[in-house]
Amino acid sequence: MSLMASSEPGPQHTFDSAEMGAIAHLYRGEVYRSTIWRTRLDNTTNWAIVTMGIALSTTFSSPEASPLPLVLVGLLLAVFLGMEARRYRYFNVWRARARWLERNFYAPIFTGETHDDSWKDILARDYTAPRHHISFVRAAGRRLRRNYVWILAIQATAYYGKIAIHPTPAATLTEFIDRAAVGPIPGWVVLIVGFAYNFGWLAFALGTMWLDQHEHGTKGDQVAMG
């Protein structure tokens, strides 16, 4: 959660039994909502994997099959990544609130340490003026680095394998380039677009990783808060 630094600590507030029960129910609700959105994230990733599997099966089904399905599936992967980034922004809200309660309410109960009461003000502001804690670009970058980079790597490897060795190895570079042709589009154009496509994703992944580190540093537990 992108949380502002607190002001000077004030007097400690002790919760009564009714307030403790309310906070327990609140925490349970936040965990439930984060679990639901976590499931929705997994569903989107599953769609991307299934789509990639269908493209692989179609492309390698026969020696005459075109590598075009592997090219077109890249567009679907981009759509799924966009959907997953949007879902991740919502998931991050519920997850961050639950983590904030764990860190500032439950952990001090176990350790006996006292925290200043500003954490309650921060949480209250998040409830009264709810907002996303992460931008769409950074959310897409996280999902790309954690899941989709592997799917895209399989796509690139499979495409290379199709035009390089299936059904027989390409004897020359010219033959390799000719196999990459899609209808009237020359093979060298398709390959250039393919390189730009893959290096574009790589640049996006590294760029958003820099944004995360700039925002939170290199500690993973800080990034987990938003």
# chains A, B, ... in the order shown; residues from 1 in each chain; ligands from 1

$ closest_atom_pairs --of "stretch 83-148 of chain A" --to "stretch 46-64 of chain A" --cutoff "12 Å" --atoms "only C-alpha atoms" --output "CSV"
residue,atom,partner,partner_atom,distance
A:Met83,CA,A:Ala48,CA,10.9
A:Glu84,CA,A:Ala48,CA,10.2
A:Leu144,CA,A:Ala48,CA,11.9
A:Asn147,CA,A:Ala48,CA,9.9
A:Tyr148,CA,A:Ala48,CA,8.4

$ closest_atom_pairs --of "stretch 67-156 of chain A" --to "stretch 205-217 of chain A" --cutoff "9 Å" --atoms "only C-alpha atoms" --output "tab-separated table"
residue	atom	partner	partner_atom	distance
A:Val137	CA	A:Thr208	CA	7.2
A:Arg138	CA	A:Thr208	CA	5.5
A:Ala139	CA	A:Thr208	CA	8.5
A:Ala140	CA	A:Thr208	CA	8.3
A:Gly141	CA	A:Thr208	CA	5.2
A:Arg142	CA	A:Thr208	CA	7.5
A:Leu144	CA	A:Ala205	CA	6.5
A:Arg145	CA	A:Ala205	CA	6.0
A:Val149	CA	A:Ala205	CA	8.4

$ atom_distance --atom1 "atom CA of A:Ala158" --atom2 "atom CA of A:Trp201"
17.0 Å

$ closest_atom_pairs --of "stretch 92-209 of chain A" --to "stretch 30-43 of chain A" --cutoff "7 Å" --atoms "only C-alpha atoms" --output "JSON lines"
{"residue": "A:Trp94", "atom": "CA", "partner": "A:Ser34", "partner_atom": "CA", "distance": 5.0}
{"residue": "A:Arg95", "atom": "CA", "partner": "A:Ser34", "partner_atom": "CA", "distance": 5.3}
{"residue": "A:Arg97", "atom": "CA", "partner": "A:Glu30", "partner_atom": "CA", "distance": 6.8}
{"residue": "A:Ala98", "atom": "CA", "partner": "A:Glu30", "partner_atom": "CA", "distance": 5.6}

$ closest_residue --among "A:Trp150, A:Phe204, A:Trp100, A:Tyr106" --to "A:Ile122" --atoms "only C-alpha atoms"
A:Trp100

$ closest_residue --among "A:Leu101, A:Ala85, A:Leu77, A:Ile185" --to "A:Arg28" --atoms "only C-alpha atoms"
A:Leu101
